[in-house]
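Data file: model_36.pdb. Format and content: PDB, C-alpha atoms and all ligand atoms.
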ATOM      1  CA  MET U  90      91.236  77.317  89.800
ATOM      2  CA  GLY U  91      93.215  74.181  88.940
ATOM      3  CA  SER U  92      95.848  72.539  91.094
ATOM      4  CA  ARG U  93      97.870  70.691  88.497
ATOM      5  CA  LEU U  94     101.145  71.976  89.882
ATOM      6  CA  PRO U  95     102.397  69.722  92.693
ATOM      7  CA  ARG U  96     103.154  71.668  95.835
ATOM      8  CA  GLY U  97     106.701  71.868  97.136
ATOM      9  CA  ARG U  98     108.230  70.479  93.975
ATOM     10  CA  GLY U  99     109.077  73.792  92.368
ATOM     11  CA  ILE U 100     112.572  74.392  91.094
ATOM     12  CA  THR U 101     113.060  77.084  93.718
ATOM     13  CA  SER U 102     112.222  77.549  97.393
ATOM     14  CA  LEU U 103     111.391  81.201  96.753
ATOM     15  CA  SER U 104     107.825  82.426  96.674
ATOM     16  CA  LEU U 105     105.967  85.481  95.403
ATOM     17  CA  GLY U 106     103.359  87.598  97.148
ATOM     18  CA  VAL U 107     101.398  90.669  96.090
ATOM     19  CA  ASP U 108      99.429  93.258  98.055
ATOM     20  CA  ILE U 109      96.949  95.274  95.977
ATOM     21  CA  GLY U 110      96.093  98.405  97.923
ATOM     22  CA  GLY U 111      94.061 101.522  97.229
ATOM     23  CA  THR U 112      97.149 103.565  96.364
ATOM     24  CA  LYS U 113      99.912 101.068  95.602
ATOM     25  CA  VAL U 114     100.569  97.541  94.397
ATOM     26  CA  LEU U 115     103.449  95.847  96.218
ATOM     27  CA  ALA U 116     105.088  92.598  95.112
ATOM     28  CA  VAL U 117     107.646  90.735  97.219
ATOM     29  CA  LEU U 118     110.057  87.872  96.731
ATOM     30  CA  VAL U 119     110.277  85.687  99.835
ATOM     31  CA  ASP U 120     112.774  82.989 100.805
ATOM     32  CA  ALA U 121     112.047  79.679 102.565
ATOM     33  CA  GLU U 122     112.579  81.313 105.989
ATOM     34  CA  GLY U 123     109.920  83.926 105.334
ATOM     35  CA  VAL U 124     112.366  86.768 104.723
ATOM     36  CA  VAL U 125     111.534  89.342 102.049
ATOM     37  CA  THR U 126     114.572  89.395  99.748
ATOM     38  CA  ASP U 127     113.293  91.799  97.078
ATOM     39  CA  ARG U 128     110.283  94.030  96.439
ATOM     40  CA  ALA U 129     108.749  96.013  93.590
ATOM     41  CA  LEU U 130     106.107  98.754  93.683
ATOM     42  CA  ALA U 131     103.643 100.441  91.354
ATOM     43  CA  LYS U 132     100.886 103.008  91.828
ATOM     44  CA  THR U 133      97.420 101.442  91.725
ATOM     45  CA  GLN U 134      95.741 102.259  88.416
ATOM     46  CA  ARG U 135      92.194 103.498  88.597
ATOM     47  CA  SER U 136      90.983 101.925  85.378
ATOM     48  CA  GLY U 137      89.890  98.600  86.812
ATOM     49  CA  PRO U 138      90.904  94.956  87.257
ATOM     50  CA  GLN U 139      92.634  94.339  83.908
ATOM     51  CA  SER U 140      95.106  97.202  84.298
ATOM     52  CA  VAL U 141      95.822  96.127  87.883
ATOM     53  CA  ALA U 142      96.409  92.529  86.705
ATOM     54  CA  ASP U 143      98.807  93.812  84.024
ATOM     55  CA  ASP U 144     100.729  95.798  86.655
ATOM     56  CA  VAL U 145     100.974  92.733  88.889
ATOM     57  CA  ALA U 146     102.410  90.798  85.931
ATOM     58  CA  ARG U 147     104.969  93.558  85.309
ATOM     59  CA  LEU U 148     106.085  93.607  88.958
ATOM     60  CA  LEU U 149     106.436  89.808  89.049
ATOM     61  CA  ALA U 150     108.516  89.904  85.860
ATOM     62  CA  LYS U 151     110.908  92.261  87.686
ATOM     63  CA  LEU U 152     111.213  89.970  90.723
ATOM     64  CA  ASP U 153     111.235  86.652  88.845
ATOM     65  CA  PRO U 154     112.476  87.399  85.310
ATOM     66  CA  GLN U 155     113.293  83.733  84.606
ATOM     67  CA  HIS U 156     109.784  82.675  85.616
ATOM     68  CA  GLN U 157     111.135  80.164  88.145
ATOM     69  CA  ILE U 158     108.167  80.496  90.491
ATOM     70  CA  SER U 159     104.950  78.976  89.216
ATOM     71  CA  SER U 160     102.511  80.404  91.736
ATOM     72  CA  VAL U 161     101.713  83.706  93.413
ATOM     73  CA  GLY U 162      99.667  84.684  96.465
ATOM     74  CA  VAL U 163      97.662  87.884  96.185
ATOM     75  CA  GLY U 164      96.020  89.888  98.959
ATOM     76  CA  MET U 165      93.574  92.715  98.356
ATOM     77  CA  PRO U 166      90.956  94.654 100.319
ATOM     78  CA  GLY U 167      87.335  93.625 100.262
ATOM     79  CA  VAL U 168      85.285  90.492 100.505
ATOM     80  CA  ILE U 169      87.076  87.732  98.641
ATOM     81  CA  SER U 170      85.554  84.315  98.085
ATOM     82  CA  ALA U 171      86.471  81.288  95.968
ATOM     83  CA  ALA U 172      84.283  82.817  93.277
ATOM     84  CA  GLY U 173      86.390  85.966  93.104
ATOM     85  CA  VAL U 174      86.129  89.504  94.412
ATOM     86  CA  GLN U 175      82.638  90.135  95.777
ATOM     87  CA  LEU U 176      83.275  93.638  97.029
ATOM     88  CA  ALA U 177      86.376  95.723  96.312
ATOM     89  CA  VAL U 178      86.429  98.509  98.844
ATOM     90  CA  ASN U 179      88.870 101.382  98.239
ATOM     91  CA  LEU U 180      89.591 100.293  94.655
ATOM     92  CA  GLN U 181      88.408 102.598  91.912
ATOM     93  CA  GLY U 182      87.030 101.326  88.622
ATOM     94  CA  TRP U 183      86.001  97.930  90.004
ATOM     95  CA  ASP U 184      82.488  96.899  89.139
ATOM     96  CA  THR U 185      82.153  93.984  91.543
ATOM     97  CA  PRO U 186      81.746  91.036  91.626
ATOM     98  CA  VAL U 187      84.848  90.358  89.531
ATOM     99  CA  ASP U 188      86.162  86.951  88.527
ATOM    100  CA  PHE U 189      89.696  88.158  89.223
ATOM    101  CA  VAL U 190      91.606  84.873  89.628
ATOM    102  CA  PRO U 191      91.405  83.785  85.940
ATOM    103  CA  LEU U 192      92.318  87.325  84.888
ATOM    104  CA  LEU U 193      95.376  87.380  87.156
ATOM    105  CA  SER U 194      96.387  83.816  86.204
ATOM    106  CA  LYS U 195      96.332  84.735  82.543
ATOM    107  CA  ALA U 196      98.224  88.017  82.987
ATOM    108  CA  THR U 197     100.912  86.521  85.252
ATOM    109  CA  ALA U 198     101.010  82.992  83.751
ATOM    110  CA  ARG U 199     101.015  81.634  87.285
ATOM    111  CA  LYS U 200      98.701  79.766  89.614
ATOM    112  CA  VAL U 201      97.010  82.472  91.724
ATOM    113  CA  THR U 202      95.775  82.274  95.310
ATOM    114  CA  LEU U 203      93.596  85.287  96.112
ATOM    115  CA  ALA U 204      92.601  86.328  99.631
ATOM    116  CA  ASN U 205      91.728  89.319 101.780
ATOM    117  CA  ASP U 206      94.753  91.514 102.515
ATOM    118  CA  VAL U 207      94.268  91.699 106.283
ATOM    119  CA  SER U 208      93.908  87.910 106.422
ATOM    120  CA  MET U 209      97.235  87.640 104.621
ATOM    121  CA  ALA U 210      98.855  90.123 107.012
ATOM    122  CA  ALA U 211      97.554  87.977 109.887
ATOM    123  CA  VAL U 212      99.189  84.897 108.353
ATOM    124  CA  ALA U 213     102.500  86.759 108.161
ATOM    125  CA  GLU U 214     102.255  88.058 111.742
ATOM    126  CA  HIS U 215     101.445  84.551 112.946
ATOM    127  CA  ARG U 216     104.335  82.903 111.119
ATOM    128  CA  VAL U 217     107.129  85.470 111.450
ATOM    129  CA  GLY U 218     105.766  88.604 113.148
ATOM    130  CA  SER U 219     104.236  89.852 116.397
ATOM    131  CA  ALA U 220     101.890  86.874 116.857
ATOM    132  CA  ARG U 221     104.576  84.232 116.405
ATOM    133  CA  GLY U 222     104.188  81.557 119.094
ATOM    134  CA  THR U 223     100.558  82.409 119.880
ATOM    135  CA  GLN U 224      97.584  80.125 119.188
ATOM    136  CA  ASP U 225      94.808  82.694 119.133
ATOM    137  CA  ALA U 226      95.105  86.267 117.950
ATOM    138  CA  LEU U 227      92.856  88.984 116.609
ATOM    139  CA  HIS U 228      94.459  91.143 113.915
ATOM    140  CA  ILE U 229      93.270  94.670 113.260
ATOM    141  CA  ALA U 230      94.546  96.821 110.416
ATOM    142  CA  VAL U 231      93.922 100.545 110.743
ATOM    143  CA  GLY U 232      94.552 102.339 107.459
ATOM    144  CA  THR U 233      92.020 103.960 105.153
ATOM    145  CA  GLY U 234      89.435 101.813 106.911
ATOM    146  CA  VAL U 235      89.531  99.197 109.650
ATOM    147  CA  GLY U 236      90.113  95.593 108.573
ATOM    148  CA  GLY U 237      90.336  92.523 110.739
ATOM    149  CA  ALA U 238      91.278  88.861 110.701
ATOM    150  CA  LEU U 239      91.142  86.059 113.192
ATOM    151  CA  VAL U 240      93.635  83.280 113.877
ATOM    152  CA  LEU U 241      92.327  80.538 116.196
ATOM    153  CA  ASP U 242      94.245  77.363 117.054
ATOM    154  CA  SER U 243      96.988  78.725 114.766
ATOM    155  CA  LYS U 244      94.642  78.687 111.778
ATOM    156  CA  LEU U 245      93.236  81.581 109.833
ATOM    157  CA  ARG U 246      89.450  81.514 110.291
ATOM    158  CA  THR U 247      87.467  83.088 107.497
ATOM    159  CA  GLY U 248      84.061  81.898 108.675
ATOM    160  CA  GLU U 249      80.863  80.927 106.904
ATOM    161  CA  ARG U 250      80.556  84.182 104.941
ATOM    162  CA  GLY U 251      84.167  85.328 104.947
ATOM    163  CA  LEU U 252      83.378  87.768 107.741
ATOM    164  CA  ALA U 253      85.351  86.305 110.655
ATOM    165  CA  GLY U 254      87.446  88.967 112.328
ATOM    166  CA  GLU U 255      85.766  91.905 110.517
ATOM    167  CA  ILE U 256      85.829  94.082 113.582
ATOM    168  CA  GLY U 257      85.445  97.287 111.541
ATOM    169  CA  HIS U 258      81.755  96.540 111.014
ATOM    170  CA  THR U 259      80.902  95.696 114.596
ATOM    171  CA  ALA U 260      78.657  98.209 116.325
ATOM    172  CA  VAL U 261      80.120 100.680 118.820
ATOM    173  CA  PRO U 262      77.163 102.865 119.755
ATOM    174  CA  ASN U 263      77.245 105.965 121.893
ATOM    175  CA  VAL U 264      80.921 106.803 122.031
ATOM    176  CA  ARG U 265      80.629 110.288 123.481
ATOM    177  CA  LEU U 266      83.412 111.887 125.396
ATOM    178  CA  PRO U 267      82.244 113.810 128.466
ATOM    179  CA  HIS U 268      84.726 116.669 128.012
ATOM    180  CA  ALA U 269      83.878 117.299 124.359
ATOM    181  CA  SER U 270      82.915 120.882 123.654
ATOM    182  CA  ILE U 271      82.505 120.301 119.913
ATOM    183  CA  ARG U 272      79.256 118.638 118.891
ATOM    184  CA  LEU U 273      79.841 116.089 116.144
ATOM    185  CA  PRO U 274      77.232 114.489 113.891
ATOM    186  CA  ARG U 275      76.376 110.825 114.405
ATOM    187  CA  PRO U 276      79.088 108.791 112.704
ATOM    188  CA  VAL U 277      78.090 106.708 109.677
ATOM    189  CA  CYS U 278      80.160 103.793 108.365
ATOM    190  CA  ALA U 279      81.295 103.435 104.743
ATOM    191  CA  CYS U 280      78.898 100.441 104.602
ATOM    192  CA  GLY U 281      75.984 102.750 105.400
ATOM    193  CA  ALA U 282      75.321 101.603 108.969
ATOM    194  CA  ALA U 283      75.561 104.042 111.848
ATOM    195  CA  GLU U 284      78.178 103.766 114.575
ATOM    196  CA  HIS U 285      80.269 100.858 113.370
ATOM    197  CA  LEU U 286      83.911 100.992 114.487
ATOM    198  CA  GLU U 287      84.860 102.013 110.945
ATOM    199  CA  ALA U 288      82.480 104.980 111.237
ATOM    200  CA  TYR U 289      84.929 106.467 113.773
ATOM    201  CA  LEU U 290      88.331 105.020 112.960
ATOM    202  CA  GLY U 291      90.485 104.935 109.812
ATOM    203  CA  ARG U 292      91.686 107.843 107.694
ATOM    204  CA  ALA U 293      88.489 107.883 105.590
ATOM    205  CA  ALA U 294      86.113 108.068 108.582
ATOM    206  CA  LEU U 295      88.225 110.639 110.398
ATOM    207  CA  GLU U 296      88.360 112.815 107.295
ATOM    208  CA  ARG U 297      84.625 112.452 106.654
ATOM    209  CA  ARG U 298      83.825 113.522 110.198
ATOM    210  CA  ALA U 299      86.368 116.340 110.175
ATOM    211  CA  ARG U 300      84.956 117.780 106.945
ATOM    212  CA  GLN U 301      81.398 117.534 108.311
ATOM    213  CA  ALA U 302      82.415 119.423 111.433
ATOM    214  CA  MET U 303      84.371 122.065 109.506
ATOM    215  CA  GLY U 304      81.367 122.406 107.166
ATOM    216  CA  ARG U 305      79.350 123.330 110.255
ATOM    217  CA  GLY U 306      81.820 126.047 111.141
ATOM    218  CA  VAL U 307      84.208 124.251 113.515
ATOM    219  CA  ALA U 308      87.686 125.785 113.048
ATOM    220  CA  SER U 309      90.583 123.352 112.673
ATOM    221  CA  ALA U 310      94.192 123.274 111.518
ATOM    222  CA  LEU U 311      93.159 120.277 109.383
ATOM    223  CA  SER U 312      91.595 122.702 106.926
ATOM    224  CA  ASP U 313      94.898 124.479 106.133
ATOM    225  CA  LEU U 314      97.009 121.350 106.406
ATOM    226  CA  ALA U 315      94.973 119.315 103.911
ATOM    227  CA  GLY U 316      93.229 121.948 101.789
ATOM    228  CA  ASP U 317      91.181 120.134  99.161
ATOM    229  CA  SER U 318      93.557 117.157  99.190
ATOM    230  CA  ARG U 319      93.152 113.906 101.077
ATOM    231  CA  MET U 320      93.913 114.013 104.794
ATOM    232  CA  THR U 321      96.978 111.808 104.953
ATOM    233  CA  SER U 322      98.481 110.303 108.105
ATOM    234  CA  SER U 323     100.986 113.176 108.106
ATOM    235  CA  VAL U 324      98.173 115.754 108.071
ATOM    236  CA  TRP U 325      96.617 114.093 111.132
ATOM    237  CA  LEU U 326      99.941 113.830 112.964
ATOM    238  CA  ASP U 327     100.709 117.499 112.272
ATOM    239  CA  ALA U 328      97.268 118.588 113.496
ATOM    240  CA  LEU U 329      97.573 116.461 116.636
ATOM    241  CA  ASP U 330     101.076 117.839 117.279
ATOM    242  CA  THR U 331      99.721 121.377 117.319
ATOM    243  CA  GLY U 332      97.016 120.332 119.802
ATOM    244  CA  ASP U 333      94.214 120.962 117.318
ATOM    245  CA  ALA U 334      90.929 120.505 119.226
ATOM    246  CA  LEU U 335      88.907 118.887 116.434
ATOM    247  CA  ALA U 336      91.657 116.436 115.411
ATOM    248  CA  THR U 337      92.234 115.532 119.059
ATOM    249  CA  LEU U 338      88.529 114.961 119.751
ATOM    250  CA  LEU U 339      88.017 112.840 116.630
ATOM    251  CA  LEU U 340      91.028 110.655 117.415
ATOM    252  CA  ASP U 341      90.001 110.374 121.087
ATOM    253  CA  GLU U 342      86.547 109.132 120.058
ATOM    254  CA  ALA U 343      88.032 106.747 117.499
ATOM    255  CA  THR U 344      90.494 105.411 120.075
ATOM    256  CA  GLN U 345      87.723 104.827 122.568
ATOM    257  CA  ALA U 346      85.601 103.102 119.897
ATOM    258  CA  LEU U 347      88.532 100.803 119.106
ATOM    259  CA  ALA U 348      89.029  99.943 122.775
ATOM    260  CA  VAL U 349      85.309  99.120 123.122
ATOM    261  CA  ALA U 350      85.377  96.885 120.030
ATOM    262  CA  ILE U 351      88.568  95.141 121.186
ATOM    263  CA  THR U 352      87.114  94.554 124.647
ATOM    264  CA  SER U 353      83.937  92.985 123.198
ATOM    265  CA  ALA U 354      85.988  90.786 120.869
ATOM    266  CA  VAL U 355      88.377  89.685 123.629
ATOM    267  CA  THR U 356      85.448  88.877 125.919
ATOM    268  CA  LEU U 357      83.831  86.770 123.188
ATOM    269  CA  LEU U 358      86.925  84.989 121.874
ATOM    270  CA  ASP U 359      89.418  85.100 124.736
ATOM    271  CA  VAL U 360      92.353  85.604 122.365
ATOM    272  CA  GLU U 361      95.768  85.960 123.994
ATOM    273  CA  LEU U 362      96.891  88.738 121.690
ATOM    274  CA  VAL U 363      95.490  91.600 119.632
ATOM    275  CA  VAL U 364      97.787  92.898 116.893
ATOM    276  CA  VAL U 365      96.953  96.462 115.860
ATOM    277  CA  GLY U 366      98.744  97.091 112.561
ATOM    278  CA  GLY U 367      98.058  98.989 109.347
ATOM    279  CA  GLY U 368      99.573 102.146 107.928
ATOM    280  CA  PHE U 369      97.702 104.704 110.031
ATOM    281  CA  ALA U 370      98.161 102.767 113.290
ATOM    282  CA  SER U 371     101.886 102.447 112.688
ATOM    283  CA  ARG U 372     102.161 106.207 112.115
ATOM    284  CA  LEU U 373     100.278 106.871 115.366
ATOM    285  CA  GLY U 374     102.849 104.613 116.995
ATOM    286  CA  GLY U 375     103.458 102.899 120.315
ATOM    287  CA  ALA U 376     102.197 105.727 122.524
ATOM    288  CA  TRP U 377      98.780 105.561 120.858
ATOM    289  CA  ARG U 378      98.734 101.738 121.093
ATOM    290  CA  ASN U 379      99.497 102.051 124.804
ATOM    291  CA  ARG U 380      96.461 104.315 125.180
ATOM    292  CA  VAL U 381      94.306 101.696 123.439
ATOM    293  CA  ALA U 382      95.736  99.015 125.740
ATOM    294  CA  ALA U 383      95.118 101.124 128.861
ATOM    295  CA  MET U 384      91.500 101.814 127.855
ATOM    296  CA  HIS U 385      90.958  98.132 127.059
ATOM    297  CA  ALA U 386      92.421  97.141 130.449
ATOM    298  CA  GLU U 387      90.087  99.572 132.193
ATOM    299  CA  MET U 388      87.058  98.205 130.320
ATOM    300  CA  MET U 389      87.798  94.510 131.023
ATOM    301  CA  SER U 390      85.765  93.856 134.129
ATOM    302  CA  ILE U 391      85.614  90.060 134.327
ATOM    303  CA  ALA U 392      89.112  88.920 133.350
ATOM    304  CA  ASN U 393      92.606  90.148 132.621
ATOM    305  CA  PRO U 394      92.983  92.218 129.454
ATOM    306  CA  SER U 395      94.533  90.824 126.297
ATOM    307  CA  LYS U 396      98.014  91.902 125.246
ATOM    308  CA  ILE U 397      98.033  94.482 122.457
ATOM    309  CA  LYS U 398     101.012  94.712 120.110
ATOM    310  CA  GLY U 399     101.873  96.547 116.915
ATOM    311  CA  SER U 400     102.790  94.857 113.660
ATOM    312  CA  GLY U 401     106.118  93.033 113.729
ATOM    313  CA  ILE U 402     106.434  93.301 109.967
ATOM    314  CA  GLY U 403     104.993  96.627 108.833
ATOM    315  CA  ASP U 404     104.384  97.527 105.204
ATOM    316  CA  ASN U 405     105.261  94.137 103.757
ATOM    317  CA  ALA U 406     102.849  92.153 105.952
ATOM    318  CA  ALA U 407     100.010  91.433 103.500
ATOM    319  CA  ALA U 408     102.302  90.658 100.546
ATOM    320  CA  LEU U 409     104.533  88.475 102.731
ATOM    321  CA  GLY U 410     101.545  86.559 104.123
ATOM    322  CA  ALA U 411     100.200  86.019 100.601
ATOM    323  CA  ALA U 412     103.583  84.570  99.586
ATOM    324  CA  LEU U 413     103.705  82.351 102.689
ATOM    325  CA  GLN U 414     100.254  80.979 101.836
ATOM    326  CA  THR U 415     101.638  79.558  98.603
ATOM    327  CA  GLN U 416     104.321  77.709 100.605
ATOM    328  CA  THR U 417     101.890  76.178 103.081
ATOM    329  CA  PRO U 418      99.939  73.086 102.033
ATOM    330  CA  SER U 419      96.294  73.933 102.626
ATOM    331  CA  ASN U 420      94.199  71.537 104.636
TER
HETATM  332 ZN    ZN U 501      80.156  99.203 108.588
END
What would you get if you wrote out this structure as structure tokens?
Amino acid sequence: MGSRLPRGRGITSLSLGVDIGGTKVLAVLVDAEGVVTDRALAKTQRSGPQSVADDVARLLAKLDPQHQISSVGVGMPGVISAAGVQLAVNLQGWDTPVDFVPLLSKATARKVTLANDVSMAAVAEHRVGSARGTQDALHIAVGTGVGGALVLDSKLRTGERGLAGEIGHTAVPNVRLPHASIRLPRPVCACGAAEHLEAYLGRAALERRARQAMGRGVASALSDLAGDSRMTSSVWLDALDTGDALATLLLDEATQALAVAITSAVTLLDVELVVVGGGFASRLGGAWRNRVAAMHAEMMSIANPSKIKGSGIGDNAAALGAALQTQTPSN
């Protein structure tokens, strides 16, 4: 993509960011202080990249009708490289790889910076959220799946292959809880590998495992609560509230798997902070995060545990970070 537009010389100090998710597309207008001043939402279309690009253009026209802002930052799930979208997880109708930047630039008539959504959320947390003031932080987003991003020396690290921070696909073998009376099948990750963190944790993995267990005759309130529909965060919270044994066991295993993965990462990287954000994590709330922190503390045998915090920004994090990226001169 070209860089004909000089940075910092726009006619406005406002910036635009977009978060393309599996269910919704969120666009935000951000001021020079990093405050979201307006937002616009659309449901994610399932007919592929062009319709999504058209929706992004429509949302930006709502937020910036005079076309005063010449660039936009866009975050989306999957493996994103300079060449485009290599793998679009959780997006239907995408036959990857997709050369998405030219498509978006044309639809929005703006210079487009495209990056992974969790990386953009990490940028936002570092600049104005929970990780503000830290040098080194690991960011984990627990939603449909488990995403991750790494900030070291106050810089987002994407790594040689764009994998840095991808904690969801690190191996967590043999998470078996001693008290479990329900026998569960070996967890398999969305990527096909067995016993990755994302094989246990995230709404998709939890639902997959729950349906496998119920298919083998394990009774659970999840069955009535969800029916044939997707098991939303609310379904899980309701099942956990009633003390449902299967829901409790699956979340206990997933929580333990997360604590193991965090402990390995903290031992390797010695980050001062781990931010556990994402839609599902935020619904599980502070009590659940405290459990993760307590397990992590117990597992750290050679040094003090890392601090674990929730998102300081919430829903807007990825879109806000994408907007902030367009304000920051890259180096
Ligand atoms: Zn995996």
For chain U against ligand ZN 501 (chain U), with a cut-off of 9 Å and counting all atoms listed in the file, what is the closest atom pair and its distance in Å to one decimal for every residue that makes the cut, ordered by chain and number, as a Markdown table?
| residue | atom | partner | partner_atom | distance |
| --- | --- | --- | --- | --- |
| U:Gly257 | CA | U:ZN501 | ZN | 6.4 |
| U:His258 | CA | U:ZN501 | ZN | 3.9 |
| U:Thr259 | CA | U:ZN501 | ZN | 7.0 |
| U:Ala260 | CA | U:ZN501 | ZN | 7.9 |
| U:Val277 | CA | U:ZN501 | ZN | 7.9 |
| U:Cys278 | CA | U:ZN501 | ZN | 4.6 |
| U:Ala279 | CA | U:ZN501 | ZN | 5.8 |
| U:Cys280 | CA | U:ZN501 | ZN | 4.4 |
| U:Gly281 | CA | U:ZN501 | ZN | 6.3 |
| U:Ala282 | CA | U:ZN501 | ZN | 5.4 |
| U:Ala283 | CA | U:ZN501 | ZN | 7.4 |
| U:Glu284 | CA | U:ZN501 | ZN | 7.8 |
| U:His285 | CA | U:ZN501 | ZN | 5.1 |
| U:Leu286 | CA | U:ZN501 | ZN | 7.2 |
| U:Glu287 | CA | U:ZN501 | ZN | 6.0 |
| U:Ala288 | CA | U:ZN501 | ZN | 6.8 |
What are the centre and edge lengths in Å, to one decimal, of the axis-aligned box around all listed atoms of segment 150-165 of chain U with 5 Å added on each side, as AutoDock Vina command-line options?
--center_x 103.4 --center_y 85.8 --center_z 91.8 --size_x 29.7 --size_y 23.7 --size_z 24.4
Could you produce a table of the residues of segment 219-249 of chain U lying within 12 Å of segment 372-385 of chain U, with the nearest pair of atoms per residue and their separation in Å rounded to one decimal, using only C-alpha atoms, ordered by chain and increasing residue number, as JSON lines?
{"residue": "U:Ile229", "atom": "CA", "partner": "U:Arg378", "partner_atom": "CA", "distance": 11.9}
{"residue": "U:Val231", "atom": "CA", "partner": "U:Leu373", "partner_atom": "CA", "distance": 10.1}
{"residue": "U:Gly232", "atom": "CA", "partner": "U:Arg372", "partner_atom": "CA", "distance": 9.7}
Q | Picked residues, the PyMOL selection byres (((chain U and resi 167-177) around 8) and not hetatm), expected as an MDAnalysis selection string | A | chainID U and resid 165:166 178:180 183 185:190 203:205 251:252
Dump C-alpha atoms for the selected residues as a compact mmCIF listing (two decimals), in the coordinates of the input?
# COMPACT_ATOMS: atom_id res chain seq x y z
CA MET U 165 93.57 92.72 98.36
CA PRO U 166 90.96 94.65 100.32
CA VAL U 178 86.43 98.51 98.84
CA ASN U 179 88.87 101.38 98.24
CA LEU U 180 89.59 100.29 94.66
CA TRP U 183 86.00 97.93 90.00
CA THR U 185 82.15 93.98 91.54
CA PRO U 186 81.75 91.04 91.63
CA VAL U 187 84.85 90.36 89.53
CA ASP U 188 86.16 86.95 88.53
CA PHE U 189 89.70 88.16 89.22
CA VAL U 190 91.61 84.87 89.63
CA LEU U 203 93.60 85.29 96.11
CA ALA U 204 92.60 86.33 99.63
CA ASN U 205 91.73 89.32 101.78
CA GLY U 251 84.17 85.33 104.95
CA LEU U 252 83.38 87.77 107.74
Q: Find, counting all atoms listed in the file, the residue in U:Leu340, U:Ala334, U:Val217, U:Ala121 that gets nearest to Gly401 of chain U.
A: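 Going through U:Leu340, U:Ala334, U:Val217, U:Ala121 one by one, the smallest distance to Gly401 of chain U is for U:Val217.
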(Q) Just the number, please: distance in Å from atom CA of Asp313 of chain U to atom CA of Asp330 of chain U, one decimal. (A)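 So the answer is 14.4 Å.
Using all atoms listed in the file, the shortest contact distance between Asp153 of chain U and any of U:Val124, U:Leu192, U:Leu105, U:Gln181 is found at U:Leu105.
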Per residue of segment 166-223 of chain U within 7 Å of segment 403-415 of chain U, record the nearest atom pair and its distance in Å to one decimal, counting all atoms listed in the file, with rows in chain order and ascending residue number, as CSV.
residue,atom,partner,partner_atom,distance
U:Asp206,CA,U:Ala407,CA,5.3
U:Val207,CA,U:Ala407,CA,6.4
U:Met209,CA,U:Gly410,CA,4.5
U:Ala210,CA,U:Ala407,CA,3.9
U:Val212,CA,U:Gly410,CA,5.1
U:Ala213,CA,U:Gly410,CA,4.2
Q: On this file, the PyMOL selection byres (((chain U and resi 103) around 8) and not hetatm) gives some set of residues; write that set as a list in words.
A: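 Selection result, ordered by chain and number: Thr101, Ser102, Ser104, Leu105, Leu118, Val119, Asp120, Ala121 and Ile158 of chain U.
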Q | Among listed residues U:Ala211, U:Val364, U:Ala354, U:Ala293, nearest Val240 of chain U (using all atoms listed in the file) | A |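 Of U:Ala211, U:Val364, U:Ala354, U:Ala293, the one nearest Val240 of chain U is U:Ala211, counting all atoms listed in the file.
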**Q.** Residues within 12 Å of Leu273 of chain U, all atoms listed in the file, excluding chain neighbours under 5 positions, as a list in words
**A.** Asn263, Val264, Arg265, Leu266, Tyr289, Leu295, Arg297, Arg298, Ala299, Arg300, Gln301, Ala302, Met303, Gly304, Arg305, Gly306, Val307, Leu335, Ala336, Leu338, Leu339 and Glu342 of chain U
May I have the residues from that selection written out with C-alpha atoms, as a PDB file, keeping the file's coordinate frame?
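Output saved as again_31.pdb:
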ATOM      1  CA  ASN U 263      77.245 105.965 121.893  1.00  0.00           C
ATOM      2  CA  VAL U 264      80.921 106.803 122.031  1.00  0.00           C
ATOM      3  CA  ARG U 265      80.629 110.288 123.481  1.00  0.00           C
ATOM      4  CA  LEU U 266      83.412 111.887 125.396  1.00  0.00           C
ATOM      5  CA  TYR U 289      84.929 106.467 113.773  1.00  0.00           C
ATOM      6  CA  LEU U 295      88.225 110.639 110.398  1.00  0.00           C
ATOM      7  CA  ARG U 297      84.625 112.452 106.654  1.00  0.00           C
ATOM      8  CA  ARG U 298      83.825 113.522 110.198  1.00  0.00           C
ATOM      9  CA  ALA U 299      86.368 116.340 110.175  1.00  0.00           C
ATOM     10  CA  ARG U 300      84.956 117.780 106.945  1.00  0.00           C
ATOM     11  CA  GLN U 301      81.398 117.534 108.311  1.00  0.00           C
ATOM     12  CA  ALA U 302      82.415 119.423 111.433  1.00  0.00           C
ATOM     13  CA  MET U 303      84.371 122.065 109.506  1.00  0.00           C
ATOM     14  CA  GLY U 304      81.367 122.406 107.166  1.00  0.00           C
ATOM     15  CA  ARG U 305      79.350 123.330 110.255  1.00  0.00           C
ATOM     16  CA  GLY U 306      81.820 126.047 111.141  1.00  0.00           C
ATOM     17  CA  VAL U 307      84.208 124.251 113.515  1.00  0.00           C
ATOM     18  CA  LEU U 335      88.907 118.887 116.434  1.00  0.00           C
ATOM     19  CA  ALA U 336      91.657 116.436 115.411  1.00  0.00           C
ATOM     20  CA  LEU U 338      88.529 114.961 119.751  1.00  0.00           C
ATOM     21  CA  LEU U 339      88.017 112.840 116.630  1.00  0.00           C
ATOM     22  CA  GLU U 342      86.547 109.132 120.058  1.00  0.00           C
TER      23      GLU U 342
END
Q) U:Val355, U:Ala150, U:Ile402, U:Ile256: which is nearest Gly236 of chain U, counting only C-alpha atoms? A)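 Ranking U:Val355, U:Ala150, U:Ile402, U:Ile256 by distance to Gly236 of chain U, first place goes to U:Ile256.
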Q.
What's the separation between atom CA of Leu130 of chain U and atom CA of Val365 of chain U, in Å to one decimal place?
A.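 So the answer is 24.1 Å.
Among the candidate residues U:Met389, U:Leu290, U:Leu326, U:Met320, the one lying nearest to Leu347 of chain U is U:Leu290, with distances computed using only C-alpha atoms.
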